[in-house]
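Undergrad: Contents of protein-v1.pdb (PDB, C-alpha atoms) are below:
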```pdb
MODEL        1
ATOM      1  CA  MET A  67      -7.456 -24.233  39.421
ATOM      2  CA  ALA A  68      -4.546 -26.420  38.319
ATOM      3  CA  LEU A  69      -5.940 -28.864  35.767
ATOM      4  CA  THR A  70      -3.036 -30.584  34.032
ATOM      5  CA  GLY A  71      -5.121 -31.677  31.063
ATOM      6  CA  CYS A  72      -6.290 -28.125  30.388
ATOM      7  CA  VAL A  73      -3.077 -26.224  30.845
ATOM      8  CA  SER A  74      -1.381 -25.121  27.637
ATOM      9  CA  ALA A  75       2.084 -25.124  29.261
ATOM     10  CA  VAL A  76       4.207 -26.266  26.320
ATOM     11  CA  PRO A  77       7.833 -25.023  26.479
ATOM     12  CA  ALA A  78      10.265 -24.604  23.572
ATOM     13  CA  TRP A  79      13.352 -26.136  25.254
ATOM     14  CA  THR A  80      15.570 -24.650  22.560
ATOM     15  CA  GLY A  81      19.014 -25.442  23.979
ATOM     16  CA  GLY A  82      22.318 -24.244  22.578
ATOM     17  CA  SER A  83      22.134 -26.078  19.248
ATOM     18  CA  THR A  84      20.241 -28.627  17.201
ATOM     19  CA  THR A  85      20.833 -32.318  17.906
ATOM     20  CA  PRO A  86      23.901 -33.632  16.005
ATOM     21  CA  LYS A  87      23.319 -35.859  12.968
ATOM     22  CA  ARG A  88      22.330 -39.447  13.871
ATOM     23  CA  ARG A  89      22.275 -38.591  17.578
ATOM     24  CA  ALA A  90      19.265 -38.285  19.870
ATOM     25  CA  ASP A  91      18.396 -36.052  22.797
ATOM     26  CA  VAL A  92      15.985 -37.293  25.459
ATOM     27  CA  ALA A  93      14.674 -34.880  28.105
ATOM     28  CA  ALA A  94      12.146 -34.853  30.932
ATOM     29  CA  GLY A  95      10.948 -32.185  33.349
ATOM     30  CA  GLY A  96       8.030 -29.846  33.885
ATOM     31  CA  ALA A  97       6.495 -26.512  32.933
ATOM     32  CA  VAL A  98       4.292 -24.023  34.769
ATOM     33  CA  ARG A  99       1.739 -21.654  33.229
ATOM     34  CA  ILE A 100       1.125 -18.464  35.210
ATOM     35  CA  ALA A 101      -1.466 -16.185  33.568
ATOM     36  CA  VAL A 102      -1.663 -12.614  34.871
ATOM     37  CA  GLY A 103      -4.341 -11.330  32.471
ATOM     38  CA  ASP A 104      -7.483  -9.395  33.350
ATOM     39  CA  ALA A 105     -10.092 -12.130  32.775
ATOM     40  CA  GLU A 106     -13.415 -11.655  34.537
ATOM     41  CA  PRO A 107     -14.428 -14.384  37.023
ATOM     42  CA  SER A 108     -16.546 -17.123  35.454
ATOM     43  CA  GLU A 109     -17.842 -20.558  36.357
ATOM     44  CA  SER A 110     -17.539 -21.643  32.732
ATOM     45  CA  ARG A 111     -15.464 -24.765  32.140
ATOM     46  CA  PHE A 112     -14.732 -23.222  28.744
ATOM     47  CA  HIS A 113     -13.026 -20.219  30.399
ATOM     48  CA  GLU A 114     -11.010 -22.629  32.529
ATOM     49  CA  ALA A 115      -9.864 -24.576  29.481
ATOM     50  CA  ALA A 116      -8.647 -21.408  27.771
ATOM     51  CA  ASN A 117      -7.110 -19.590  30.715
ATOM     52  CA  THR A 118      -6.255 -21.823  33.654
ATOM     53  CA  ASN A 119      -2.881 -21.861  35.400
ATOM     54  CA  GLY A 120      -1.108 -25.022  36.463
ATOM     55  CA  VAL A 121       1.829 -27.418  36.303
ATOM     56  CA  THR A 122       2.459 -29.847  33.438
ATOM     57  CA  PRO A 123       4.900 -32.790  33.224
ATOM     58  CA  VAL A 124       6.945 -32.702  30.011
ATOM     59  CA  ALA A 125       8.944 -35.327  28.076
ATOM     60  CA  MET A 126      10.789 -34.786  24.797
ATOM     61  CA  VAL A 127      12.917 -36.597  22.228
ATOM     62  CA  ARG A 128      14.850 -35.045  19.330
ATOM     63  CA  TYR A 129      16.777 -36.722  16.534
ATOM     64  CA  GLY A 130      19.362 -35.199  14.205
ATOM     65  CA  VAL A 131      18.243 -36.112  10.687
ATOM     66  CA  ALA A 132      21.025 -34.076   9.031
ATOM     67  CA  ARG A 133      23.776 -31.706   9.994
ATOM     68  CA  HIS A 134      22.180 -28.614  11.584
ATOM     69  CA  LEU A 135      18.660 -30.093  11.259
ATOM     70  CA  ASP A 136      16.602 -32.081  13.742
ATOM     71  CA  LEU A 137      13.068 -33.320  14.347
ATOM     72  CA  GLY A 138      11.405 -33.440  17.746
ATOM     73  CA  LEU A 139       8.433 -34.893  19.592
ATOM     74  CA  MET A 140       7.242 -33.481  22.921
ATOM     75  CA  VAL A 141       4.462 -34.612  25.265
ATOM     76  CA  ALA A 142       3.320 -31.980  27.779
ATOM     77  CA  GLY A 143       0.378 -33.207  29.829
ATOM     78  CA  THR A 144      -2.297 -34.080  27.249
ATOM     79  CA  ASN A 145      -0.563 -31.974  24.568
ATOM     80  CA  VAL A 146       1.547 -33.582  21.807
ATOM     81  CA  ARG A 147       3.957 -31.332  19.889
ATOM     82  CA  VAL A 148       5.964 -32.121  16.739
ATOM     83  CA  GLU A 149       8.690 -29.770  15.555
ATOM     84  CA  VAL A 150      11.440 -29.206  13.034
ATOM     85  CA  ARG A 151      14.479 -27.034  13.782
ATOM     86  CA  ARG A 152      17.310 -25.590  11.702
ATOM     87  CA  GLU A 153      20.449 -23.909  12.977
ATOM     88  CA  PHE A 154      22.712 -21.382  11.269
ATOM     89  CA  VAL A 155      26.193 -21.608  12.780
ATOM     90  CA  LEU A 156      28.138 -18.361  13.020
ATOM     91  CA  GLU A 157      31.439 -19.929  14.069
ATOM     92  CA  GLU A 158      32.571 -23.548  14.486
ATOM     93  CA  ASP A 159      34.818 -23.373  17.542
ATOM     94  CA  THR A 160      34.949 -24.397  21.194
ATOM     95  CA  THR A 161      32.533 -21.548  21.827
ATOM     96  CA  ARG A 162      29.885 -22.084  19.180
ATOM     97  CA  PRO A 163      27.370 -19.266  18.492
ATOM     98  CA  THR A 164      24.382 -20.046  16.293
ATOM     99  CA  PHE A 165      20.855 -19.025  15.383
ATOM    100  CA  VAL A 166      18.235 -21.730  15.961
ATOM    101  CA  VAL A 167      14.904 -21.388  14.105
ATOM    102  CA  GLY A 168      12.019 -23.777  14.650
ATOM    103  CA  GLY A 169       8.441 -24.479  13.700
ATOM    104  CA  ALA A 170       6.048 -26.633  15.739
ATOM    105  CA  LEU A 171       2.483 -27.911  15.623
ATOM    106  CA  SER A 172       0.725 -29.279  18.700
ATOM    107  CA  TYR A 173      -2.566 -30.961  19.525
ATOM    108  CA  GLY A 174      -4.064 -31.242  22.979
ATOM    109  CA  TYR A 175      -7.028 -33.063  24.467
ATOM    110  CA  ILE A 176      -9.104 -31.250  27.115
ATOM    111  CA  PRO A 177     -10.472 -34.034  29.365
ATOM    112  CA  ASN A 178     -13.891 -34.174  30.941
ATOM    113  CA  VAL A 179     -13.274 -33.138  34.563
ATOM    114  CA  ALA A 180     -16.218 -33.708  36.955
ATOM    115  CA  GLU A 181     -18.582 -34.120  33.972
ATOM    116  CA  ARG A 182     -18.048 -30.481  32.958
ATOM    117  CA  GLY A 183     -17.265 -31.043  29.297
ATOM    118  CA  SER A 184     -14.335 -31.844  27.028
ATOM    119  CA  GLY A 185     -12.692 -30.570  23.869
ATOM    120  CA  SER A 186      -9.425 -30.169  21.998
ATOM    121  CA  ARG A 187      -6.809 -27.560  21.163
ATOM    122  CA  VAL A 188      -4.484 -27.031  18.193
ATOM    123  CA  ALA A 189      -1.526 -24.648  18.283
ATOM    124  CA  VAL A 190       1.380 -23.456  16.148
ATOM    125  CA  ASP A 191       4.616 -22.104  17.600
ATOM    126  CA  VAL A 192       7.643 -20.452  15.971
ATOM    127  CA  PRO A 193      10.641 -20.040  18.309
ATOM    128  CA  VAL A 194      13.750 -18.147  17.133
ATOM    129  CA  ALA A 195      16.849 -17.879  19.305
ATOM    130  CA  TYR A 196      20.469 -16.778  19.389
ATOM    131  CA  ALA A 197      22.236 -19.638  21.165
ATOM    132  CA  VAL A 198      25.779 -20.372  22.321
ATOM    133  CA  ASP A 199      27.316 -23.748  23.182
ATOM    134  CA  PHE A 200      30.328 -23.279  25.479
ATOM    135  CA  GLY A 201      32.427 -26.382  24.865
ATOM    136  CA  GLY A 202      29.556 -28.790  25.491
ATOM    137  CA  ILE A 203      29.524 -27.789  29.174
ATOM    138  CA  TYR A 204      27.198 -24.775  29.142
ATOM    139  CA  ASP A 205      24.405 -23.680  26.808
ATOM    140  CA  ALA A 206      22.706 -20.289  26.795
ATOM    141  CA  TRP A 207      19.986 -18.963  24.526
ATOM    142  CA  ILE A 208      17.825 -15.897  24.153
ATOM    143  CA  GLY A 209      15.115 -15.241  21.608
ATOM    144  CA  ALA A 210      11.398 -14.960  21.008
ATOM    145  CA  ARG A 211       8.329 -17.119  20.360
ATOM    146  CA  VAL A 212       5.308 -16.289  18.202
ATOM    147  CA  GLY A 213       2.273 -18.543  18.087
ATOM    148  CA  ALA A 214      -1.467 -19.053  17.793
ATOM    149  CA  GLU A 215      -3.918 -21.491  19.388
ATOM    150  CA  TYR A 216      -7.482 -22.650  18.761
ATOM    151  CA  ILE A 217      -9.687 -24.540  21.210
ATOM    152  CA  THR A 218     -13.127 -26.038  20.688
ATOM    153  CA  GLY A 219     -15.452 -28.342  22.585
ATOM    154  CA  THR A 220     -18.656 -28.753  24.565
ATOM    155  CA  PHE A 221     -18.441 -27.399  28.107
ATOM    156  CA  THR A 222     -20.716 -26.514  31.002
ATOM    157  CA  ASN A 223     -21.323 -22.840  31.713
ATOM    158  CA  ASN A 224     -22.915 -20.780  34.495
ATOM    159  CA  SER A 225     -26.194 -22.673  34.092
ATOM    160  CA  GLU A 226     -24.359 -26.053  34.155
ATOM    161  CA  THR A 227     -25.729 -26.885  30.700
ATOM    162  CA  PRO A 228     -23.204 -28.318  28.201
ATOM    163  CA  GLN A 229     -22.869 -25.943  25.260
ATOM    164  CA  ASP A 230     -20.523 -25.505  22.304
ATOM    165  CA  GLY A 231     -17.631 -23.098  22.679
ATOM    166  CA  SER A 232     -14.586 -22.087  20.660
ATOM    167  CA  ALA A 233     -11.782 -19.557  21.012
ATOM    168  CA  PHE A 234      -8.708 -18.359  19.151
ATOM    169  CA  ALA A 235      -5.573 -16.891  20.736
ATOM    170  CA  VAL A 236      -2.453 -15.172  19.457
ATOM    171  CA  ARG A 237       0.674 -14.744  21.580
ATOM    172  CA  ALA A 238       4.234 -13.466  21.321
ATOM    173  CA  GLY A 239       7.090 -12.708  23.653
ATOM    174  CA  PRO A 240      10.731 -13.264  24.628
ATOM    175  CA  MET A 241      12.360 -16.403  26.005
ATOM    176  CA  ILE A 242      15.663 -17.087  27.739
ATOM    177  CA  GLY A 243      17.341 -20.311  28.820
ATOM    178  CA  LEU A 244      20.447 -21.790  30.416
ATOM    179  CA  ALA A 245      21.848 -25.339  30.614
ATOM    180  CA  ALA A 246      24.848 -26.778  32.428
ATOM    181  CA  GLY A 247      26.376 -30.218  32.885
ATOM    182  CA  LEU A 248      28.639 -32.769  31.269
ATOM    183  CA  ARG A 249      28.846 -33.434  27.553
ATOM    184  CA  ARG A 250      26.070 -36.054  27.657
ATOM    185  CA  VAL A 251      23.905 -34.916  30.582
ATOM    186  CA  HIS A 252      22.625 -31.366  31.169
ATOM    187  CA  ALA A 253      20.192 -29.771  33.566
ATOM    188  CA  PHE A 254      18.422 -26.744  32.116
ATOM    189  CA  MET A 255      15.798 -24.100  32.732
ATOM    190  CA  GLU A 256      13.890 -21.828  30.369
ATOM    191  CA  LEU A 257      11.516 -18.906  30.779
ATOM    192  CA  THR A 258       9.026 -17.598  28.206
ATOM    193  CA  VAL A 259       7.185 -14.316  28.860
ATOM    194  CA  ALA A 260       4.380 -13.810  26.338
ATOM    195  CA  TYR A 261       1.466 -11.473  25.797
ATOM    196  CA  GLU A 262      -1.598 -13.367  24.617
ATOM    197  CA  HIS A 263      -5.082 -12.342  23.561
ATOM    198  CA  TRP A 264      -8.143 -14.599  23.328
ATOM    199  CA  PHE A 265     -11.206 -14.167  21.130
ATOM    200  CA  GLY A 266     -14.128 -16.546  21.511
ATOM    201  CA  SER A 267     -17.698 -17.317  22.483
ATOM    202  CA  HIS A 268     -19.599 -19.911  24.514
ATOM    203  CA  GLU A 269     -23.268 -20.627  23.854
ATOM    204  CA  ASP A 270     -25.650 -20.204  26.800
ATOM    205  CA  ASP A 271     -29.333 -21.097  27.156
ATOM    206  CA  ALA A 272     -30.177 -17.965  29.138
ATOM    207  CA  SER A 273     -28.160 -15.215  27.450
ATOM    208  CA  GLY A 274     -27.561 -16.766  24.040
ATOM    209  CA  SER A 275     -23.772 -16.409  24.137
ATOM    210  CA  LEU A 276     -21.015 -15.747  26.637
ATOM    211  CA  SER A 277     -18.040 -13.822  25.259
ATOM    212  CA  LEU A 278     -14.435 -14.690  25.952
ATOM    213  CA  THR A 279     -12.298 -11.700  25.007
ATOM    214  CA  ARG A 280      -9.293 -11.064  27.180
ATOM    215  CA  GLY A 281      -5.620 -10.304  27.025
ATOM    216  CA  GLY A 282      -2.692 -10.371  29.392
ATOM    217  CA  TRP A 283       0.786 -11.606  30.127
ATOM    218  CA  VAL A 284       1.634 -15.255  30.637
ATOM    219  CA  LEU A 285       4.783 -16.564  32.328
ATOM    220  CA  LEU A 286       6.000 -20.028  31.320
ATOM    221  CA  PRO A 287       8.955 -21.189  33.426
ATOM    222  CA  SER A 288      10.185 -24.729  32.734
ATOM    223  CA  PHE A 289      12.994 -27.034  33.778
ATOM    224  CA  GLY A 290      14.379 -30.418  32.900
ATOM    225  CA  VAL A 291      17.280 -32.838  32.448
ATOM    226  CA  ARG A 292      18.595 -33.786  29.001
ATOM    227  CA  LEU A 293      20.528 -36.911  28.000
ATOM    228  CA  ARG A 294      22.358 -37.086  24.653
ATOM    229  CA  LEU A 295      22.548 -40.582  23.188
TER     230      LEU A 295
ENDMDL
END
```
For this file, write the structure as structure tokens.
TA:
Amino acid sequence: MALTGCVSAVPAWTGGSTTPKRRADVAAGGAVRIAVGDAEPSESRFHEAANTNGVTPVAMVRYGVARHLDLGLMVAGTNVRVEVRREFVLEEDTTRPTFVVGGALSYGYIPNVAERGSGSRVAVDVPVAYAVDFGGIYDAWIGARVGAEYITGTFTNNSETPQDGSAFAVRAGPMIGLAAGLRRVHAFMELTVAYEHWFGSHEDDASGSLSLTRGGWVLLPSFGVRLRL
């Protein structure tokens, strides 16, 4: 079930460098979460909130606060992400290789769909990438992301009775991206492949507690257009 408000499809959108000092990058696009884990079927809204697949619209702005340092704000569906990034330039030339290291914190609201409960999610994400800017025309990056996520709320379960639930996830995996365009406008795409594992429980009137313990691979392809101001 594709529920935009539930999907934790939040890309990194690393690019080939940080945003230059006193310049801004504005981007818009989308991301898709494709979970291929081994979760057991469940009618629990809580399981949906933790594991559902779907498509999420994404918008982002970054501002260069200093040379090689920028701050960013991203909105992905009902998720809001703030980040700080630092780059370590290996060579200042037409072809510009660098390491980009970031840290991000996000908060997401899980809306009440069909009166089946609502909640919230908090996540941390640390992307690290080797990136190359080819004369401002092409960007390419490859790296990895490590993160954790916590969700909590009151959701319906198999008996359709709203009950408290919470879960914690850890995930890690590689990412790769490519951008092309003019100096000010670029189209880009990025793919993250992560293994994630969830630990959690959902209270139930009949059985006392429903367990959510599962692991599997998640694909996160994303795309967008970036404008440098």
Undergrad: Can you pull out every residue within 9 Å of A:Val155, counting only C-alpha atoms, but drop anything in the same chain fewer than 2 positions away, and send it as a list in words?
TA: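 Residues near the query, excluding close chain neighbours: Ser83, His134, Glu153, Glu157, Glu158, Arg162, Pro163, Thr164, Phe165 and Val166 of chain A.
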Undergrad: Using only C-alpha atoms, please write the residues we just selected to a file, as an mmCIF file, keeping the file's coordinate frame.
TA:
```cif
data_model
loop_
_atom_site.group_PDB
_atom_site.id
_atom_site.type_symbol
_atom_site.label_atom_id
_atom_site.label_comp_id
_atom_site.auth_asym_id
_atom_site.auth_seq_id
_atom_site.Cartn_x
_atom_site.Cartn_y
_atom_site.Cartn_z
ATOM 1 C CA SER A 83 22.134 -26.078 19.248
ATOM 2 C CA HIS A 134 22.180 -28.614 11.584
ATOM 3 C CA GLU A 153 20.449 -23.909 12.977
ATOM 4 C CA GLU A 157 31.439 -19.929 14.069
ATOM 5 C CA GLU A 158 32.571 -23.548 14.486
ATOM 6 C CA ARG A 162 29.885 -22.084 19.180
ATOM 7 C CA PRO A 163 27.370 -19.266 18.492
ATOM 8 C CA THR A 164 24.382 -20.046 16.293
ATOM 9 C CA PHE A 165 20.855 -19.025 15.383
ATOM 10 C CA VAL A 166 18.235 -21.730 15.961
#
```
Undergrad: Just say which residues the PyMOL selection byres ((chain A and resi 243) around 10) picks in this file, as a list in words.
TA: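 Applied to this file, the PyMOL selection byres ((chain A and resi 243) around 10) selects Ala78, Trp79, Thr80, Gly81, Gly82, Ala195, Ala197, Asp205, Ala206, Trp207, Ile208, Gly209, Met241, Ile242, Leu244, Ala245, Phe254, Met255, Glu256, Leu257, Thr258, Pro287, Ser288 and Phe289 of chain A.
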Undergrad: Which of these, A:Ile217, A:Val124, A:Phe234, A:Arg133, has the shortest distance to A:Pro86 once you count only C-alpha atoms?
TA: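 Smallest distance to A:Pro86 is found for A:Arg133.
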Undergrad: For each of A:Val167, A:Ala238, A:Val291, A:Ala246, take the minimum atom-to-atom distance to A:Gly201, counting all atoms listed in the file, then give the residue where this is smallest.
TA: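 Selected residue with least distance to A:Gly201: A:Ala246.
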Undergrad: For a test of reading the model, state the distance in Å between atom CA of A:Ser184 and atom CA of A:Val121, rounded to one decimal.
TA: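 Atom CA of A:Val121 lies at a distance of 19.2 Å from atom CA of A:Ser184.
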Undergrad: Can you list what the PyMOL selection byres ((chain A and resi 191) around 9) grabs from this structure, as a list in words?
TA: Ala78, Glu149, Gly168, Gly169, Ala170, Leu171, Ser172, Ala189, Val190, Val192, Pro193, Arg211, Val212, Gly213, Ala214 and Glu215 of chain A
Undergrad: With all atoms listed in the file as the atoms that count, which of A:Phe265, A:Thr279, A:Arg294, A:Val259 lies nearest to A:Gly202?
TA: A:Arg294
Undergrad: Please identify all polymer residues within 6 Å of A:Pro123, counting all atoms listed in the file, omitting same-chain residues fewer than 2 positions from it, and present them as a ChimeraX atom specification.
TA: /A:96,142-143
Undergrad: Kindly export the residues of the current selection with C-alpha atoms, as an mmCIF file, keeping the file's coordinate frame.
TA:
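Now in out_6.cif:
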```cif
data_model
loop_
_atom_site.group_PDB
_atom_site.id
_atom_site.type_symbol
_atom_site.label_atom_id
_atom_site.label_comp_id
_atom_site.auth_asym_id
_atom_site.auth_seq_id
_atom_site.Cartn_x
_atom_site.Cartn_y
_atom_site.Cartn_z
ATOM 1 C CA GLY A 96 8.030 -29.846 33.885
ATOM 2 C CA ALA A 142 3.320 -31.980 27.779
ATOM 3 C CA GLY A 143 0.378 -33.207 29.829
#
```
Undergrad: Can you work out which one of A:Gly247, A:Gly95, A:Gly120, A:Gly219 has the shortest atom-to-atom distance to A:Ser267, counting all atoms listed in the file?
TA: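 Looking at the shortest contact to A:Ser267, the residue is A:Gly219.
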Undergrad: Please report the interatomic distance between atom CA of A:His252 and atom CA of A:Asp199 in Å with one decimal.
TA: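 A separation of 12.0 Å between them.
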Undergrad: Measuring between all atoms listed in the file, which one of A:Ala101, A:Met126, A:Asp159, A:Ser232 shows the shortest distance to A:Gly185?
TA: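 Of A:Ala101, A:Met126, A:Asp159, A:Ser232, the one nearest A:Gly185, counting all atoms listed in the file, is A:Ser232.
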Undergrad: May I ask which of the residues A:Arg88, A:Arg249, A:Arg187, A:Arg99 is the closest one to A:Ile203, counting only C-alpha atoms?
TA: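 Closest residue, counting only C-alpha atoms: A:Arg249.
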Undergrad: To one decimal place, how far is atom CA of A:Thr85 from atom CA of A:Arg128 in Å?
TA: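 Atom CA of A:Thr85 sits 6.7 Å away from atom CA of A:Arg128.
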Undergrad: Please tell me which residues are no farther than 12 Å from (3.4, -34.3, 27.7) in the file, counting all atoms listed in the file, and write them as a VMD selection string.
TA: chain A and resid 70 to 77 93 to 97 121 to 127 139 to 148 172 to 175
